[in-house]
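Student: Starting off with a structure, shown below.
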Amino acid sequence: MSGTLSGESPEKLSEGLPGELSQELPEAALLTAAALVRRNAVRDGLGDAAAPWGLGVAVVVADLDVAAFLAGAADFALAIPADVRDGWYRSYTRTVFLAGTPASVAARHPHRHVTTDTRLSWHGPARRGALLPLSRLLRAFHGPAPIDVPPGPLTTAVSGTPSGRTVDAAIAIGGVSTHEYLIHAHHLIAEAALRGLIGPGDTIRVDHRQTLDVAEFRDVLDPARADRVQTRVTHRGTDPGRLRLYGLLTSARPEGGH
């Protein structure tokens, strides 16, 4: 992987980097470190209890309202029962997005969460076999390419009594299709909510940018701040040999905090 330090193994890099060292890392290596921090967090899980493995989620999308989608992802993740939330987290919050009308599939495939406008519904977490009939019924949701988002910063509220807290997120949209955006944003928001970085009643403020400049976020990407930061780092769609920062979320809540 070109994002890995020359001569430095991912295993050694994943042990954590002191803040002063992270300032000296080239940008590609800093992205590798952030990706490994996420991988290790998922491997460790949310708690010590045994968790079911291989869980996934399906989201039925009739029409994409970006603000409703982001808030819905947080609402869904926060409402997941404790006995399956860790299993989904340890499965890297695996999710498929399907084109359909939530109301038309609800009778045969009950949802766990639906947005107030009934345009998006969440099903699971469940094992693949339980979600397969829904996936076979509907086709994958794609939407425009690139993604069409509202101009300017976007603000949306998580359900619950207003907490007075604001969670800031930046999401890359340059060259990103709607389907890719759903994947990146859902991982970012859902994992942050599962970790406690987003709580009920919080406000999520999102800045959509063409590109997220790693140099600008160098301090936030410092592994020493990982307990208050969620990242979405993965391979570039057009260049699978390189990593790209697709999303970054910062919270005043420490992981597991309230």
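Identifiers in this document derive from the order of the structure tokens: chains are assigned A, B, ..., residues are numbered from 1 separately in each chain, and ligands are numbered from 1 in order of occurrence.
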Using only C-alpha atoms, what table do you get, as JSON lines, when you list each residue of range 136-247 of chain A with an atom no more than 12 Å from range 121-130 of chain A, its nearest pair of atoms, and their distance in Å rounded to one decimal, rows by chain then rising number?
Tutor:
```
{"residue": "A:Arg136", "atom": "CA", "partner": "A:Gly129", "partner_atom": "CA", "distance": 11.0}
{"residue": "A:His186", "atom": "CA", "partner": "A:Trp122", "partner_atom": "CA", "distance": 11.5}
{"residue": "A:Ala190", "atom": "CA", "partner": "A:Trp122", "partner_atom": "CA", "distance": 11.8}
```
Student: Those selected residues, please, written with all heavy atoms and delivered as a CSV table (one decimal), in the first residue's frame.
Tutor:
```
chain,number,residue,atom,x,y,z
A,136,ARG,N,-32.8,-9.2,-2.3
A,136,ARG,CA,-33.2,-9.8,-3.5
A,136,ARG,C,-34.5,-9.1,-4.1
A,136,ARG,O,-34.7,-9.1,-5.3
A,136,ARG,CB,-33.5,-11.2,-3.3
A,136,ARG,CG,-32.3,-12.1,-3.2
A,136,ARG,CD,-32.6,-13.5,-2.8
A,136,ARG,NE,-31.4,-14.4,-2.8
A,136,ARG,CZ,-31.4,-15.6,-2.4
A,136,ARG,NH1,-32.5,-16.1,-1.8
A,136,ARG,NH2,-30.3,-16.3,-2.4
A,186,HIS,N,-22.2,7.1,6.0
A,186,HIS,CA,-22.9,6.2,6.9
A,186,HIS,C,-21.9,5.5,7.8
A,186,HIS,O,-22.1,5.4,9.1
A,186,HIS,CB,-23.7,5.1,6.2
A,186,HIS,CG,-24.8,4.4,7.0
A,186,HIS,ND1,-24.6,3.2,7.6
A,186,HIS,CD2,-26.0,4.8,7.3
A,186,HIS,CE1,-25.7,2.9,8.3
A,186,HIS,NE2,-26.6,3.9,8.1
A,190,ALA,N,-22.5,6.5,11.7
A,190,ALA,CA,-22.9,5.3,12.5
A,190,ALA,C,-21.8,4.9,13.5
A,190,ALA,O,-22.1,4.7,14.7
A,190,ALA,CB,-23.3,4.2,11.6
```
Student: Pick out the residues sitting within 8 Å of Ala193 in chain A, and hand them over as a PyMOL selection string; count only C-alpha atoms, and ignore anything fewer than 6 positions along from it in its own chain.
Tutor: chain A and resi 74+77-78+199
Student: Quick one: write out the picked residues with N, CA, C and O atoms as a compact mmCIF listing (two decimals), in the first residue's frame?
Tutor:
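Saved the output as result_29.txt:
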```
# COMPACT_ATOMS: atom_id res chain seq x y z
N ALA A 74 -27.53 8.42 12.56
CA ALA A 74 -27.21 8.56 13.99
C ALA A 74 -28.34 8.02 14.85
O ALA A 74 -28.11 7.29 15.82
N ALA A 77 -28.29 4.17 14.77
CA ALA A 77 -27.18 3.58 15.53
C ALA A 77 -27.39 3.71 17.03
O ALA A 77 -27.07 2.79 17.79
N LEU A 78 -27.92 4.83 17.46
CA LEU A 78 -28.12 5.05 18.90
C LEU A 78 -29.23 4.16 19.46
O LEU A 78 -29.24 3.87 20.66
N GLY A 199 -24.42 11.84 20.51
CA GLY A 199 -25.42 11.43 21.48
C GLY A 199 -26.79 11.99 21.14
O GLY A 199 -26.93 12.85 20.26
```
Student: Tell me which protein, DNA and RNA residues are within 10 Å of Gly237 in chain A, counting only C-alpha atoms, leaving out same-chain ones fewer than 5 positions away, and put them as a list of chain:residue names.
Tutor: A:Gly175, A:Val176, A:Glu180, A:Arg242, A:Leu243, A:Arg244
Student: Got a sec: who's within 10 Å of Thr115 in chain A, counting only C-alpha atoms, leaving out chain neighbours fewer than 4 positions off, as a list of chain:residue names?
Tutor: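 My reading of the contact set: A:Ala68, A:Phe69, A:Ala71, A:Gly72, A:Ala73, A:Asp75, A:Phe76, A:Pro102, A:Arg119, A:Leu120, A:Ser121, A:Trp122.
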Student: So that I can check the surroundings of Gly47 in chain A, please list as a VMD selection string every protein, DNA and RNA residue that reaches within 12 Å of it, counting only C-alpha atoms and ignoring chain neighbours fewer than 3 positions away.
Tutor: chain A and resid 41 to 44 50 to 51 82 to 87 89 to 90 194 to 195 255 to 256
Student: List the neighbours of range 163-171 of chain A out to 9 Å using only C-alpha atoms; skip same-chain residues closer than 5 positions along the sequence, and give me the result as a ChimeraX atom specification.
Tutor: /A:181,184-185,188-189,197-212,232,245-253
Student: Find the residues around Leu138 in chain A up to 8 Å (only C-alpha atoms counted), leave out those fewer than 3 positions away in its own chain, and share them as an NGL selection string.
Tutor: :A and (98-100 or 134-135)
Student: Write down as a tab-separated table (two decimals) with N, CA, C and O atoms, in the first residue's frame the residues of range 150-255 of chain A whose backbone DSSP state falls under strand (DSSP E).
Tutor:
```tsv
chain	number	residue	atom	x	y	z
A	154	LEU	N	-24.17	22.24	6.28
A	154	LEU	CA	-25.45	21.58	6.56
A	154	LEU	C	-25.53	21.28	8.04
A	154	LEU	O	-24.57	20.79	8.64
A	155	THR	N	-26.68	21.57	8.64
A	155	THR	CA	-26.88	21.30	10.06
A	155	THR	C	-28.13	20.44	10.22
A	155	THR	O	-29.17	20.72	9.62
A	156	THR	N	-28.01	19.38	11.00
A	156	THR	CA	-29.13	18.49	11.24
A	156	THR	C	-29.11	18.05	12.70
A	156	THR	O	-28.04	18.02	13.33
A	157	ALA	N	-30.27	17.71	13.24
A	157	ALA	CA	-30.37	17.40	14.66
A	157	ALA	C	-30.67	15.92	14.87
A	157	ALA	O	-31.50	15.33	14.20
A	166	THR	N	-22.55	20.33	19.74
A	166	THR	CA	-22.45	20.29	18.29
A	166	THR	C	-21.27	19.40	17.90
A	166	THR	O	-20.18	19.53	18.43
A	167	VAL	N	-21.53	18.49	17.00
A	167	VAL	CA	-20.51	17.60	16.46
A	167	VAL	C	-20.18	18.08	15.06
A	167	VAL	O	-21.09	18.27	14.24
A	168	ASP	N	-18.91	18.30	14.77
A	168	ASP	CA	-18.50	18.82	13.47
A	168	ASP	C	-17.96	17.71	12.59
A	168	ASP	O	-17.15	16.88	13.04
A	169	ALA	N	-18.41	17.69	11.34
A	169	ALA	CA	-17.94	16.69	10.40
A	169	ALA	C	-17.60	17.36	9.08
A	169	ALA	O	-18.21	18.36	8.69
A	170	ALA	N	-16.62	16.80	8.39
A	170	ALA	CA	-16.27	17.23	7.04
A	170	ALA	C	-16.28	15.99	6.16
A	170	ALA	O	-15.73	14.95	6.54
A	171	ILE	N	-16.94	16.09	5.01
A	171	ILE	CA	-17.09	14.95	4.11
A	171	ILE	C	-16.70	15.37	2.70
A	171	ILE	O	-17.14	16.40	2.20
A	172	ALA	N	-15.86	14.55	2.05
A	172	ALA	CA	-15.42	14.84	0.69
A	172	ALA	C	-16.48	14.43	-0.32
A	172	ALA	O	-17.08	13.36	-0.21
A	203	THR	N	-26.41	18.23	17.79
A	203	THR	CA	-26.49	18.82	16.46
A	203	THR	C	-25.27	18.37	15.66
A	203	THR	O	-24.15	18.43	16.16
A	204	ILE	N	-25.49	17.90	14.45
A	204	ILE	CA	-24.40	17.52	13.57
A	204	ILE	C	-24.25	18.61	12.51
A	204	ILE	O	-25.19	18.91	11.78
A	205	ARG	N	-23.07	19.19	12.45
A	205	ARG	CA	-22.79	20.24	11.47
A	205	ARG	C	-21.79	19.68	10.46
A	205	ARG	O	-20.69	19.27	10.83
A	206	VAL	N	-22.20	19.65	9.19
A	206	VAL	CA	-21.40	19.00	8.16
A	206	VAL	C	-20.93	20.02	7.13
A	206	VAL	O	-21.73	20.81	6.60
A	207	ASP	N	-19.65	19.96	6.84
A	207	ASP	CA	-19.05	20.79	5.80
A	207	ASP	C	-18.67	19.87	4.64
A	207	ASP	O	-17.79	19.02	4.78
A	208	HIS	N	-19.39	20.00	3.53
A	208	HIS	CA	-19.07	19.20	2.35
A	208	HIS	C	-18.00	19.93	1.54
A	208	HIS	O	-18.17	21.10	1.20
A	209	ARG	N	-16.93	19.22	1.24
A	209	ARG	CA	-15.83	19.82	0.48
A	209	ARG	C	-15.47	18.91	-0.69
A	209	ARG	O	-15.66	17.71	-0.64
A	229	VAL	N	-12.36	11.48	17.90
A	229	VAL	CA	-12.36	11.66	16.45
A	229	VAL	C	-12.78	10.36	15.76
A	229	VAL	O	-12.37	9.27	16.17
A	230	GLN	N	-13.59	10.50	14.72
A	230	GLN	CA	-13.94	9.37	13.86
A	230	GLN	C	-13.50	9.72	12.45
A	230	GLN	O	-13.73	10.84	11.97
A	231	THR	N	-12.85	8.79	11.77
A	231	THR	CA	-12.40	9.04	10.41
A	231	THR	C	-13.00	8.03	9.45
A	231	THR	O	-13.43	6.95	9.83
A	232	ARG	N	-13.02	8.41	8.19
A	232	ARG	CA	-13.34	7.49	7.09
A	232	ARG	C	-12.20	7.61	6.09
A	232	ARG	O	-12.11	8.59	5.34
A	233	VAL	N	-11.31	6.66	6.13
A	233	VAL	CA	-10.16	6.61	5.25
A	233	VAL	C	-10.21	5.29	4.51
A	233	VAL	O	-10.30	4.23	5.12
A	234	THR	N	-10.17	5.33	3.19
A	234	THR	CA	-10.15	4.09	2.43
A	234	THR	C	-9.50	4.36	1.08
A	234	THR	O	-9.06	5.48	0.79
A	235	HIS	N	-9.41	3.34	0.26
A	235	HIS	CA	-8.75	3.47	-1.03
A	235	HIS	C	-9.54	4.38	-1.96
A	235	HIS	O	-10.76	4.40	-1.96
A	243	LEU	N	-4.60	5.88	-0.53
A	243	LEU	CA	-5.67	6.16	0.42
A	243	LEU	C	-6.17	7.58	0.25
A	243	LEU	O	-5.43	8.47	-0.18
A	244	ARG	N	-7.44	7.78	0.61
A	244	ARG	CA	-8.02	9.11	0.58
A	244	ARG	C	-8.84	9.33	1.85
A	244	ARG	O	-9.47	8.40	2.35
A	245	LEU	N	-8.79	10.54	2.36
A	245	LEU	CA	-9.61	10.93	3.50
A	245	LEU	C	-10.97	11.36	2.98
A	245	LEU	O	-11.12	12.39	2.34
A	246	TYR	N	-11.99	10.53	3.26
A	246	TYR	CA	-13.35	10.82	2.79
A	246	TYR	C	-14.21	11.48	3.86
A	246	TYR	O	-15.21	12.13	3.53
A	247	GLY	N	-13.87	11.30	5.11
A	247	GLY	CA	-14.69	11.88	6.17
A	247	GLY	C	-13.94	11.99	7.47
A	247	GLY	O	-13.07	11.16	7.76
A	248	LEU	N	-14.29	13.00	8.23
A	248	LEU	CA	-13.65	13.21	9.53
A	248	LEU	C	-14.66	13.90	10.44
A	248	LEU	O	-15.32	14.87	10.04
A	249	LEU	N	-14.81	13.38	11.65
A	249	LEU	CA	-15.78	13.92	12.62
A	249	LEU	C	-15.07	14.15	13.94
A	249	LEU	O	-14.32	13.30	14.41
A	250	THR	N	-15.31	15.31	14.54
A	250	THR	CA	-14.74	15.62	15.84
A	250	THR	C	-15.86	15.91	16.83
A	250	THR	O	-16.88	16.49	16.48
```
